[in-house]
$ cat model_12.pdb   # PDB, C-alpha atoms
ATOM      1  CA  MET A 251     -18.160   8.337  -6.546
ATOM      2  CA  ALA A 252     -16.542   8.849  -9.950
ATOM      3  CA  ASN A 253     -12.765   9.164 -10.073
ATOM      4  CA  HIS A 254     -10.566  10.468 -12.852
ATOM      5  CA  VAL A 255      -6.758  10.819 -12.855
ATOM      6  CA  ILE A 256      -4.536  12.834 -15.163
ATOM      7  CA  THR A 257      -0.798  13.483 -15.180
ATOM      8  CA  ALA A 258       0.358  17.099 -15.164
ATOM      9  CA  THR A 259       3.680  18.827 -15.756
ATOM     10  CA  ALA A 260       5.140  21.121 -13.092
ATOM     11  CA  THR A 261       4.033  24.135 -15.127
ATOM     12  CA  MET A 262       0.527  22.773 -15.448
ATOM     13  CA  LEU A 263       0.328  22.054 -11.715
ATOM     14  CA  GLU A 264       1.130  25.702 -11.030
ATOM     15  CA  GLU A 265      -1.539  26.772 -13.530
ATOM     16  CA  MET A 266      -4.054  24.507 -11.814
ATOM     17  CA  ARG A 267      -3.140  25.857  -8.381
ATOM     18  CA  ASN A 268      -3.786  29.399  -9.642
ATOM     19  CA  HIS A 269      -6.995  28.358 -11.398
ATOM     20  CA  TYR A 270      -8.429  26.744  -8.259
ATOM     21  CA  ALA A 271      -6.959  29.284  -5.807
ATOM     22  CA  SER A 272     -10.334  30.366  -4.421
ATOM     23  CA  ASP A 273     -11.398  26.734  -3.869
ATOM     24  CA  ILE A 274      -8.262  25.435  -2.118
ATOM     25  CA  THR A 275      -8.795  23.885   1.324
ATOM     26  CA  GLY A 276      -6.397  23.649   4.244
ATOM     27  CA  HIS A 277      -6.297  19.867   4.709
ATOM     28  CA  LEU A 278      -3.619  18.065   2.679
ATOM     29  CA  PRO A 279      -3.294  14.276   2.426
ATOM     30  CA  ALA A 280       0.218  12.812   2.328
ATOM     31  CA  GLY A 281       2.126  13.768  -0.801
ATOM     32  CA  ALA A 282      -0.402  16.384  -1.919
ATOM     33  CA  LEU A 283       0.386  19.863  -3.237
ATOM     34  CA  PHE A 284      -3.139  21.210  -2.890
ATOM     35  CA  VAL A 285      -6.766  20.160  -2.533
ATOM     36  CA  ALA A 286      -9.561  22.200  -4.095
ATOM     37  CA  LYS A 287     -13.293  21.644  -3.619
ATOM     38  CA  ARG A 288     -15.830  22.749  -6.178
ATOM     39  CA  SER A 289     -19.490  21.888  -6.516
ATOM     40  CA  GLY A 290     -19.578  18.274  -7.658
ATOM     41  CA  CYS A 291     -15.818  17.741  -7.694
ATOM     42  CA  THR A 292     -12.804  17.583  -5.397
ATOM     43  CA  ILE A 293      -9.395  18.053  -7.041
ATOM     44  CA  THR A 294      -6.273  16.687  -5.341
ATOM     45  CA  ALA A 295      -2.893  17.426  -6.945
ATOM     46  CA  TYR A 296       0.105  15.326  -5.868
ATOM     47  CA  ARG A 297       3.851  15.918  -6.011
ATOM     48  CA  THR A 298       4.070  12.897  -8.314
ATOM     49  CA  GLY A 299       2.291  14.940 -10.991
ATOM     50  CA  LYS A 300      -0.901  12.935 -10.646
ATOM     51  CA  VAL A 301      -4.103  14.936 -10.257
ATOM     52  CA  LEU A 302      -7.142  13.130  -8.871
ATOM     53  CA  PHE A 303     -10.662  14.377  -9.664
ATOM     54  CA  GLN A 304     -13.440  12.936  -7.488
ATOM     55  CA  GLY A 305     -17.202  13.446  -7.596
ATOM     56  CA  LYS A 306     -20.109  13.463 -10.001
ATOM     57  CA  GLU A 307     -18.456  16.205 -12.087
ATOM     58  CA  ALA A 308     -14.994  14.568 -12.055
ATOM     59  CA  GLU A 309     -14.867  13.647 -15.733
ATOM     60  CA  GLN A 310     -16.090  17.047 -16.886
ATOM     61  CA  GLU A 311     -13.641  18.899 -14.632
ATOM     62  CA  ALA A 312     -10.717  16.713 -15.717
ATOM     63  CA  ALA A 313     -11.651  17.198 -19.360
ATOM     64  CA  LYS A 314     -10.831  20.903 -19.032
ATOM     65  CA  TRP A 315      -7.162  19.924 -18.631
ATOM     66  CA  MET A 316      -6.967  16.906 -20.909
ATOM     67  CA  LYS A 317      -5.665  18.586 -24.052
ATOM     68  CA  GLU A 318      -3.003  20.503 -22.189
ATOM     69  CA  SER A 319      -1.807  17.423 -20.332
ATOM     70  CA  ASP A 320      -2.147  15.152 -23.355
ATOM     71  CA  GLN A 321      -3.445  12.739 -20.787
ATOM     72  CA  LYS A 322      -5.179  10.029 -22.789
ATOM     73  CA  GLU A 323      -2.153   7.782 -22.630
ATOM     74  CA  ALA A 324      -2.184   4.344 -24.180
ATOM     75  CA  PRO A 325      -3.179   1.944 -21.402
ATOM     76  CA  VAL A 326      -0.384  -0.180 -20.013
ATOM     77  CA  PRO A 327      -1.273  -3.885 -20.210
ATOM     78  CA  GLN A 328      -2.086  -5.134 -16.727
ATOM     79  CA  PRO A 329      -2.645  -8.609 -15.349
ATOM     80  CA  PRO A 330      -6.338  -9.299 -14.578
ATOM     81  CA  LEU A 331      -5.677  -9.069 -10.839
ATOM     82  CA  ALA A 332      -4.618  -5.431 -11.124
ATOM     83  CA  ALA A 333      -8.247  -4.271 -11.204
ATOM     84  CA  ALA A 334      -9.469  -6.508  -8.375
ATOM     85  CA  SER A 335     -10.393  -5.409  -4.873
ATOM     86  CA  ALA A 336      -7.509  -7.175  -3.193
ATOM     87  CA  ILE A 337      -5.417  -7.796  -0.116
ATOM     88  CA  GLY A 338      -1.672  -7.397  -0.567
ATOM     89  CA  SER A 339       0.896  -8.820   1.835
ATOM     90  CA  ASP A 340       4.606  -8.068   2.258
ATOM     91  CA  GLU A 341       7.287  -8.311   4.938
ATOM     92  CA  VAL A 342      10.265  -6.324   6.203
ATOM     93  CA  GLY A 343      13.098  -7.267   8.519
ATOM     94  CA  THR A 344      14.158 -10.825   7.820
ATOM     95  CA  GLY A 345      17.927 -10.982   8.009
ATOM     96  CA  ASP A 346      18.173  -8.025  10.397
ATOM     97  CA  TYR A 347      20.351  -8.869  13.409
ATOM     98  CA  PHE A 348      18.634  -6.492  15.810
ATOM     99  CA  GLY A 349      15.130  -5.605  14.703
ATOM    100  CA  PRO A 350      11.895  -7.538  14.349
ATOM    101  CA  VAL A 351      10.218  -9.155  11.385
ATOM    102  CA  VAL A 352       7.098  -7.223  10.369
ATOM    103  CA  VAL A 353       4.441  -8.516   7.995
ATOM    104  CA  ALA A 354       1.676  -6.190   6.824
ATOM    105  CA  ALA A 355      -1.505  -6.983   4.939
ATOM    106  CA  ALA A 356      -3.461  -4.163   3.297
ATOM    107  CA  TYR A 357      -6.777  -4.091   1.436
ATOM    108  CA  VAL A 358      -7.377  -1.761  -1.491
ATOM    109  CA  ALA A 359     -10.860  -1.715  -3.014
ATOM    110  CA  LYS A 360     -11.452  -0.916  -6.672
ATOM    111  CA  ASP A 361     -12.805   2.542  -5.917
ATOM    112  CA  GLN A 362      -9.680   3.435  -3.900
ATOM    113  CA  MET A 363      -7.079   2.510  -6.512
ATOM    114  CA  ASP A 364      -6.871   5.869  -8.258
ATOM    115  CA  ALA A 365      -6.443   7.753  -4.990
ATOM    116  CA  ILE A 366      -3.813   5.320  -3.679
ATOM    117  CA  THR A 367      -1.875   5.349  -6.949
ATOM    118  CA  ALA A 368      -1.989   9.141  -7.142
ATOM    119  CA  MET A 369      -0.311   9.362  -3.725
ATOM    120  CA  GLY A 370       2.806   7.809  -5.254
ATOM    121  CA  ILE A 371       2.446   4.472  -3.473
ATOM    122  CA  LYS A 372       5.116   2.050  -4.694
ATOM    123  CA  ASP A 373       7.474  -0.583  -3.345
ATOM    124  CA  SER A 374       8.881   0.642  -0.029
ATOM    125  CA  LYS A 375      12.420  -0.308  -1.124
ATOM    126  CA  LEU A 376      12.209   2.535  -3.648
ATOM    127  CA  LEU A 377      11.303   5.116  -1.000
ATOM    128  CA  THR A 378      13.413   6.887   1.597
ATOM    129  CA  ASP A 379      12.655   6.509   5.301
ATOM    130  CA  GLU A 380      11.461  10.125   5.273
ATOM    131  CA  ALA A 381       8.985   9.362   2.480
ATOM    132  CA  ILE A 382       7.773   6.259   4.318
ATOM    133  CA  ARG A 383       7.127   8.274   7.484
ATOM    134  CA  ARG A 384       5.237  10.889   5.470
ATOM    135  CA  LEU A 385       3.060   8.502   3.457
ATOM    136  CA  ALA A 386       2.311   5.652   5.846
ATOM    137  CA  PRO A 387       0.117   7.357   8.490
ATOM    138  CA  SER A 388      -2.305   8.716   5.871
ATOM    139  CA  LEU A 389      -2.249   5.410   4.015
ATOM    140  CA  MET A 390      -3.038   3.447   7.178
ATOM    141  CA  ASN A 391      -6.033   5.719   7.822
ATOM    142  CA  MET A 392      -7.305   5.312   4.262
ATOM    143  CA  ILE A 393      -7.295   1.534   3.900
ATOM    144  CA  PRO A 394      -7.938  -1.482   6.162
ATOM    145  CA  ASN A 395      -4.658  -3.045   7.265
ATOM    146  CA  GLN A 396      -3.151  -5.408   9.818
ATOM    147  CA  THR A 397       0.418  -6.018  10.935
ATOM    148  CA  VAL A 398       2.145  -8.872  12.730
ATOM    149  CA  ILE A 399       5.421  -8.257  14.559
ATOM    150  CA  LEU A 400       7.835 -11.062  15.441
ATOM    151  CA  SER A 401      10.526  -9.932  17.866
ATOM    152  CA  ASN A 402      14.152 -10.647  17.073
ATOM    153  CA  PRO A 403      14.606 -12.975  20.095
ATOM    154  CA  MET A 404      11.532 -15.004  19.080
ATOM    155  CA  TYR A 405      12.717 -15.108  15.470
ATOM    156  CA  ASN A 406      16.095 -16.440  16.632
ATOM    157  CA  ASP A 407      14.389 -19.016  18.871
ATOM    158  CA  TRP A 408      12.319 -20.289  15.961
ATOM    159  CA  GLN A 409      15.373 -20.538  13.750
ATOM    160  CA  ARG A 410      17.366 -22.367  16.440
ATOM    161  CA  SER A 411      14.531 -24.868  16.694
ATOM    162  CA  GLY A 412      15.159 -25.726  13.045
ATOM    163  CA  MET A 413      12.302 -23.761  11.504
ATOM    164  CA  PRO A 414      13.238 -22.490   8.013
ATOM    165  CA  GLN A 415      13.028 -18.748   7.422
ATOM    166  CA  THR A 416      10.484 -19.369   4.665
ATOM    167  CA  LYS A 417       8.182 -21.207   7.084
ATOM    168  CA  ILE A 418       8.454 -18.337   9.563
ATOM    169  CA  LYS A 419       7.409 -15.956   6.798
ATOM    170  CA  ALA A 420       4.528 -18.227   5.772
ATOM    171  CA  LEU A 421       3.178 -18.310   9.325
ATOM    172  CA  LEU A 422       3.392 -14.534   9.680
ATOM    173  CA  HIS A 423       1.810 -13.795   6.300
ATOM    174  CA  ASN A 424      -1.063 -16.186   7.009
ATOM    175  CA  GLU A 425      -1.631 -14.566  10.413
ATOM    176  CA  ALA A 426      -1.651 -11.004   9.046
ATOM    177  CA  ILE A 427      -3.921 -11.967   6.145
ATOM    178  CA  GLY A 428      -6.252 -13.877   8.469
ATOM    179  CA  LYS A 429      -6.581 -10.891  10.800
ATOM    180  CA  LEU A 430      -7.411  -8.615   7.863
ATOM    181  CA  VAL A 431      -9.936 -11.046   6.356
ATOM    182  CA  LYS A 432     -11.684 -11.130   9.737
ATOM    183  CA  GLN A 433     -11.610  -7.330   9.941
ATOM    184  CA  LEU A 434     -13.131  -7.001   6.458
ATOM    185  CA  SER A 435     -15.958  -9.505   6.978
ATOM    186  CA  PRO A 436     -18.548  -9.682   5.433
ATOM    187  CA  ILE A 437     -16.571  -8.130   2.556
ATOM    188  CA  GLU A 438     -14.594 -10.811   0.732
ATOM    189  CA  PRO A 439     -11.487  -9.780  -1.233
ATOM    190  CA  GLU A 440     -11.437 -10.857  -4.852
ATOM    191  CA  ALA A 441      -7.750 -11.718  -4.544
ATOM    192  CA  ILE A 442      -5.045 -12.088  -1.902
ATOM    193  CA  ILE A 443      -1.617 -11.354  -3.350
ATOM    194  CA  ILE A 444       1.596 -12.202  -1.500
ATOM    195  CA  ASP A 445       4.978 -10.830  -2.511
ATOM    196  CA  GLN A 446       6.507 -14.178  -3.383
ATOM    197  CA  PHE A 447       9.231 -15.581  -1.157
ATOM    198  CA  ILE A 448       8.376 -19.224  -1.913
ATOM    199  CA  GLU A 449       6.278 -21.253  -4.343
ATOM    200  CA  ARG A 450       2.550 -21.299  -3.548
ATOM    201  CA  ASP A 451       2.399 -25.081  -3.034
ATOM    202  CA  LEU A 452       5.203 -25.019  -0.472
ATOM    203  CA  TYR A 453       3.636 -21.992   1.223
ATOM    204  CA  PHE A 454       0.520 -24.022   1.965
ATOM    205  CA  ARG A 455       2.547 -27.088   2.886
ATOM    206  CA  TYR A 456       4.184 -25.057   5.653
ATOM    207  CA  LEU A 457       0.699 -24.177   6.933
ATOM    208  CA  GLU A 458      -0.806 -27.669   6.833
ATOM    209  CA  ASN A 459      -0.739 -28.088  10.642
ATOM    210  CA  GLU A 460      -2.215 -24.653  11.344
ATOM    211  CA  THR A 461      -5.811 -24.349  12.518
ATOM    212  CA  ASN A 462      -6.775 -21.197  10.633
ATOM    213  CA  VAL A 463      -5.413 -20.961   7.109
ATOM    214  CA  VAL A 464      -6.624 -18.502   4.473
ATOM    215  CA  ARG A 465      -6.727 -20.478   1.218
ATOM    216  CA  ASP A 466      -9.223 -18.864  -1.145
ATOM    217  CA  HIS A 467      -7.990 -16.654  -3.978
ATOM    218  CA  VAL A 468      -4.383 -16.635  -2.725
ATOM    219  CA  TYR A 469      -1.697 -15.817  -5.304
ATOM    220  CA  CYS A 470       2.080 -15.536  -4.962
ATOM    221  CA  TYR A 471       3.940 -13.303  -7.415
ATOM    222  CA  PRO A 472       7.543 -12.124  -7.579
ATOM    223  CA  LYS A 473       7.684  -8.323  -7.495
ATOM    224  CA  ALA A 474       4.001  -8.394  -6.560
ATOM    225  CA  GLU A 475       3.977  -4.634  -5.968
ATOM    226  CA  THR A 476       3.880  -4.339  -9.780
ATOM    227  CA  VAL A 477       0.858  -6.648  -9.917
ATOM    228  CA  HIS A 478      -1.381  -4.786  -7.458
ATOM    229  CA  VAL A 479      -1.097  -1.525  -5.545
ATOM    230  CA  ALA A 480      -2.268  -3.307  -2.362
ATOM    231  CA  VAL A 481       1.103  -5.077  -2.162
ATOM    232  CA  ALA A 482       2.960  -1.780  -2.532
ATOM    233  CA  ALA A 483       0.749  -0.340   0.210
ATOM    234  CA  ALA A 484       1.510  -3.320   2.448
ATOM    235  CA  SER A 485       5.245  -2.909   1.872
ATOM    236  CA  ILE A 486       5.083   0.743   2.976
ATOM    237  CA  ILE A 487       3.056  -0.083   6.088
ATOM    238  CA  ALA A 488       5.386  -2.956   7.009
ATOM    239  CA  ARG A 489       8.457  -0.764   6.676
ATOM    240  CA  TYR A 490       6.851   2.073   8.637
ATOM    241  CA  VAL A 491       6.024  -0.246  11.537
ATOM    242  CA  PHE A 492       9.530  -1.724  11.301
ATOM    243  CA  LEU A 493      11.069   1.766  11.542
ATOM    244  CA  GLN A 494       8.906   2.562  14.561
ATOM    245  CA  GLU A 495       9.972  -0.660  16.260
ATOM    246  CA  MET A 496      13.640   0.036  15.533
ATOM    247  CA  GLU A 497      13.328   3.506  17.069
ATOM    248  CA  ARG A 498      11.680   2.031  20.160
ATOM    249  CA  LEU A 499      14.348  -0.658  20.514
ATOM    250  CA  SER A 500      17.144   1.887  20.032
ATOM    251  CA  LYS A 501      15.758   4.011  22.865
ATOM    252  CA  GLU A 502      15.497   0.951  25.104
ATOM    253  CA  VAL A 503      19.172   0.113  24.676
ATOM    254  CA  GLY A 504      20.279   3.751  24.847
ATOM    255  CA  MET A 505      21.372   4.129  21.231
ATOM    256  CA  THR A 506      19.582   7.458  20.768
TER     257      THR A 506
END
$ encode --input "model_12.pdb" --output "structure tokens"
Amino acid sequence: MANHVITATATMLEEMRNHYASDITGHLPAGALFVAKRSGCTITAYRTGKVLFQGKEAEQEAAKWMKESDQKEAPVPQPPLAAASAIGSDEVGTGDYFGPVVVAAAYVAKDQMDAITAMGIKDSKLLTDEAIRRLAPSLMNMIPNQTVILSNPMYNDWQRSGMPQTKIKALLHNEAIGKLVKQLSPIEPEAIIIDQFIERDLYFRYLENETNVVRDHVYCYPKAETVHVAVAAASIIARYVFLQEMERLSKEVGMT
């Protein structure tokens, strides 16, 4: 299915809503202003200003708005991995004195990138808790993902045993990635991108005694959410699960 994305001003979004008024449907994905379905094309407009056109007539439909939006922007240089069908992995919660550590791995295929980007998916640290709760459920339904939760007592036990925090993270990332690779089989991701917390060589050194280690096409990048949208998606999912766990724990101890 062909995809095409343009960026619209607030005024243009209102014009588009009026233009497609008779085609607007009731179902809205997270972050969307409206969804309109025409023969050969579905148009989804997001609060971010992104408008996603999907279907065999996507390019033609988008072209109607191109001059007004001045949308043919100069492409931003991207690392080669940015266009790969990839798994991204990120964690939330290390250093918290009460909550768990949550690692999430998420897979975004090439043909999903435009839709995921249009939703406004970015590093969870840049989003409010309210935005996380709004975006994450739809995101988790759209893309394959796996999470691993390490309770705070277990985390403290591991640290008391002398295990470095970076090794704990390595074990959790490998587990989440391994679960997702198994879920995806026979599909093989072109890249596996971890939000870097340690050098790649030391990451694998920490895993040398583990039975099941995912080694192929693994990359570690600082600020990896800028390298591939799958990492940004993973960061949102990890934080969403972390927030859910914190709410559950708060109820258990009578804090709410």
$ resolve_selection --input "model_12.pdb" --expression "the PyMOL selection byres ((chain A and resi 448) around 12)" --output "PyMOL selection string"
chain A and resi 414-420+423+444-447+449-456+469-472
$ residues_around --input "model_12.pdb" --residues "A:Asp379" --least-positions-apart "3" --cutoff "9 Å" --atoms "all atoms listed in the file" --output "list in words"
Ser374, Ile382, Arg383, Arg384, Arg489, Tyr490 and Leu493 of chain A
$ resolve_selection --input "model_12.pdb" --expression "the PyMOL selection byres ((chain A and resi 252) around 10)" --output "MDAnalysis selection string"
chainID A and resid 251 253:254 291 303:309 361
$ closest_residue --input "model_12.pdb" --among "A:Ser411, A:Met392, A:Ser339, A:Val503" --to "A:Val431" --atoms "all atoms listed in the file"
A:Ser339
$ resolve_selection --input "model_12.pdb" --expression "the PyMOL selection byres ((chain A and resi 438) around 12)" --output "list of chain:residue names"
A:Ala334, A:Ser335, A:Ala336, A:Ile337, A:Tyr357, A:Val358, A:Ala359, A:Gly428, A:Leu430, A:Val431, A:Lys432, A:Gln433, A:Leu434, A:Ser435, A:Pro436, A:Ile437, A:Pro439, A:Glu440, A:Ala441, A:Ile442, A:Val464, A:Asp466, A:His467
$ closest_residue --input "model_12.pdb" --among "A:Thr292, A:Lys372, A:Val255, A:Val342" --to "A:Tyr270" --atoms "only C-alpha atoms"
A:Thr292
$ residues_around --input "model_12.pdb" --residues "A:Asn424" --least-positions-apart "6" --cutoff "9 Å" --atoms "all atoms listed in the file" --output "tab-separated table (two decimals) with C-alpha atoms, keeping the file's coordinate frame"
chain	number	residue	atom	x	y	z
A	457	LEU	CA	0.70	-24.18	6.93
A	462	ASN	CA	-6.78	-21.20	10.63
A	463	VAL	CA	-5.41	-20.96	7.11
A	464	VAL	CA	-6.62	-18.50	4.47
$ residues_around --input "model_12.pdb" --residues "A:Pro350" --least-positions-apart "2" --cutoff "8 Å" --atoms "all atoms listed in the file" --output "ChimeraX atom specification"
/A:343-344,346,348,352,399-402,405,492,495-496
$ atom_distance --input "model_12.pdb" --atom1 "atom CA of A:Asn406" --atom2 "atom CA of A:Leu499"
16.3 Å
$ residues_around --input "model_12.pdb" --residues "A:Glu475" --least-positions-apart "5" --cutoff "12 Å" --atoms "only C-alpha atoms" --output "ChimeraX atom specification"
/A:331-332,337-341,356,367,371-376,443-446,470,480-486
$ closest_residue --input "model_12.pdb" --among "A:Arg410, A:Val468, A:Thr397, A:Leu389" --to "A:Ile366" --atoms "only C-alpha atoms"
A:Leu389
$ atom_distance --input "model_12.pdb" --atom1 "atom CA of A:Val301" --atom2 "atom CA of A:Ile256"
5.4 Å
$ atom_distance --input "model_12.pdb" --atom1 "atom CA of A:Ser289" --atom2 "atom CA of A:Gln310"
11.9 Å
$ closest_residue --input "model_12.pdb" --among "A:Gly370, A:Leu422, A:Arg465, A:Glu380" --to "A:Val351" --atoms "all atoms listed in the file"
A:Leu422
$ residues_around --input "model_12.pdb" --residues "A:Ala333" --least-positions-apart "3" --cutoff "8 Å" --atoms "only C-alpha atoms" --output "short mmCIF file (atom, residue, chain, number, x, y, z; two decimals) with C-alpha atoms, keeping the file's coordinate frame"
data_model
loop_
_atom_site.label_atom_id
_atom_site.label_comp_id
_atom_site.auth_asym_id
_atom_site.auth_seq_id
_atom_site.Cartn_x
_atom_site.Cartn_y
_atom_site.Cartn_z
CA PRO A 330 -6.34 -9.30 -14.58
CA LYS A 360 -11.45 -0.92 -6.67
CA HIS A 478 -1.38 -4.79 -7.46
#
$ closest_residue --input "model_12.pdb" --among "A:Asn395, A:Gln409, A:Thr257, A:Thr294" --to "A:Thr275" --atoms "all atoms listed in the file"
A:Thr294
$ decode --input "model_12.pdb" --residues "stretch 396-420 of chain A" --atoms "N, CA and C atoms" --output "PDB file, in the first residue's frame"
ATOM      1  N   GLN A 396       7.456  -6.328  22.750  1.00  0.00           N
ATOM      2  CA  GLN A 396       7.605  -7.165  23.933  1.00  0.00           C
ATOM      3  C   GLN A 396       8.185  -6.312  25.054  1.00  0.00           C
ATOM      4  N   THR A 397       7.786  -6.604  26.272  1.00  0.00           N
ATOM      5  CA  THR A 397       8.348  -5.902  27.427  1.00  0.00           C
ATOM      6  C   THR A 397       8.838  -6.908  28.453  1.00  0.00           C
ATOM      7  N   VAL A 398       9.843  -6.489  29.204  1.00  0.00           N
ATOM      8  CA  VAL A 398      10.369  -7.265  30.327  1.00  0.00           C
ATOM      9  C   VAL A 398      10.346  -6.353  31.544  1.00  0.00           C
ATOM     10  N   ILE A 399       9.789  -6.844  32.629  1.00  0.00           N
ATOM     11  CA  ILE A 399       9.668  -6.058  33.863  1.00  0.00           C
ATOM     12  C   ILE A 399      10.503  -6.709  34.957  1.00  0.00           C
ATOM     13  N   LEU A 400      11.408  -5.937  35.540  1.00  0.00           N
ATOM     14  CA  LEU A 400      12.195  -6.399  36.686  1.00  0.00           C
ATOM     15  C   LEU A 400      11.718  -5.634  37.911  1.00  0.00           C
ATOM     16  N   SER A 401      11.189  -6.348  38.890  1.00  0.00           N
ATOM     17  CA  SER A 401      10.660  -5.689  40.082  1.00  0.00           C
ATOM     18  C   SER A 401      11.772  -4.986  40.847  1.00  0.00           C
ATOM     19  N   ASN A 402      11.379  -3.989  41.627  1.00  0.00           N
ATOM     20  CA  ASN A 402      12.366  -3.251  42.413  1.00  0.00           C
ATOM     21  C   ASN A 402      13.091  -4.141  43.421  1.00  0.00           C
ATOM     22  N   PRO A 403      12.402  -5.042  44.138  1.00  0.00           N
ATOM     23  CA  PRO A 403      13.122  -5.933  45.057  1.00  0.00           C
ATOM     24  C   PRO A 403      14.148  -6.811  44.346  1.00  0.00           C
ATOM     25  N   MET A 404      13.787  -7.343  43.160  1.00  0.00           N
ATOM     26  CA  MET A 404      14.729  -8.179  42.418  1.00  0.00           C
ATOM     27  C   MET A 404      15.913  -7.352  41.922  1.00  0.00           C
ATOM     28  N   TYR A 405      15.609  -6.141  41.455  1.00  0.00           N
ATOM     29  CA  TYR A 405      16.682  -5.237  41.014  1.00  0.00           C
ATOM     30  C   TYR A 405      17.658  -4.976  42.156  1.00  0.00           C
ATOM     31  N   ASN A 406      17.133  -4.707  43.347  1.00  0.00           N
ATOM     32  CA  ASN A 406      17.996  -4.459  44.507  1.00  0.00           C
ATOM     33  C   ASN A 406      18.799  -5.700  44.887  1.00  0.00           C
ATOM     34  N   ASP A 407      18.172  -6.883  44.773  1.00  0.00           N
ATOM     35  CA  ASP A 407      18.887  -8.127  45.066  1.00  0.00           C
ATOM     36  C   ASP A 407      20.060  -8.313  44.110  1.00  0.00           C
ATOM     37  N   TRP A 408      19.815  -8.057  42.837  1.00  0.00           N
ATOM     38  CA  TRP A 408      20.889  -8.210  41.848  1.00  0.00           C
ATOM     39  C   TRP A 408      22.024  -7.231  42.122  1.00  0.00           C
ATOM     40  N   GLN A 409      21.664  -6.014  42.478  1.00  0.00           N
ATOM     41  CA  GLN A 409      22.713  -5.032  42.766  1.00  0.00           C
ATOM     42  C   GLN A 409      23.493  -5.403  44.027  1.00  0.00           C
ATOM     43  N   ARG A 410      22.806  -5.900  45.043  1.00  0.00           N
ATOM     44  CA  ARG A 410      23.494  -6.307  46.276  1.00  0.00           C
ATOM     45  C   ARG A 410      24.438  -7.487  46.036  1.00  0.00           C
ATOM     46  N   SER A 411      24.115  -8.281  45.021  1.00  0.00           N
ATOM     47  CA  SER A 411      24.988  -9.414  44.704  1.00  0.00           C
ATOM     48  C   SER A 411      26.249  -8.977  43.965  1.00  0.00           C
ATOM     49  N   GLY A 412      26.322  -7.679  43.653  1.00  0.00           N
ATOM     50  CA  GLY A 412      27.503  -7.149  42.974  1.00  0.00           C
ATOM     51  C   GLY A 412      27.334  -6.973  41.480  1.00  0.00           C
ATOM     52  N   MET A 413      26.136  -7.208  40.968  1.00  0.00           N
ATOM     53  CA  MET A 413      25.914  -7.068  39.529  1.00  0.00           C
ATOM     54  C   MET A 413      25.809  -5.590  39.152  1.00  0.00           C
ATOM     55  N   PRO A 414      26.633  -5.120  38.213  1.00  0.00           N
ATOM     56  CA  PRO A 414      26.566  -3.715  37.796  1.00  0.00           C
ATOM     57  C   PRO A 414      25.221  -3.397  37.138  1.00  0.00           C
ATOM     58  N   GLN A 415      24.792  -2.150  37.290  1.00  0.00           N
ATOM     59  CA  GLN A 415      23.535  -1.732  36.669  1.00  0.00           C
ATOM     60  C   GLN A 415      23.564  -1.962  35.164  1.00  0.00           C
ATOM     61  N   THR A 416      24.709  -1.728  34.537  1.00  0.00           N
ATOM     62  CA  THR A 416      24.806  -1.905  33.089  1.00  0.00           C
ATOM     63  C   THR A 416      24.629  -3.365  32.680  1.00  0.00           C
ATOM     64  N   LYS A 417      25.077  -4.298  33.522  1.00  0.00           N
ATOM     65  CA  LYS A 417      24.854  -5.716  33.198  1.00  0.00           C
ATOM     66  C   LYS A 417      23.380  -6.063  33.345  1.00  0.00           C
ATOM     67  N   ILE A 418      22.735  -5.521  34.373  1.00  0.00           N
ATOM     68  CA  ILE A 418      21.296  -5.748  34.537  1.00  0.00           C
ATOM     69  C   ILE A 418      20.557  -5.281  33.284  1.00  0.00           C
ATOM     70  N   LYS A 419      20.896  -4.092  32.811  1.00  0.00           N
ATOM     71  CA  LYS A 419      20.259  -3.573  31.604  1.00  0.00           C
ATOM     72  C   LYS A 419      20.527  -4.476  30.407  1.00  0.00           C
ATOM     73  N   ALA A 420      21.765  -4.939  30.269  1.00  0.00           N
ATOM     74  CA  ALA A 420      22.120  -5.804  29.141  1.00  0.00           C
ATOM     75  C   ALA A 420      21.281  -7.074  29.142  1.00  0.00           C
TER      76      ALA A 420
END
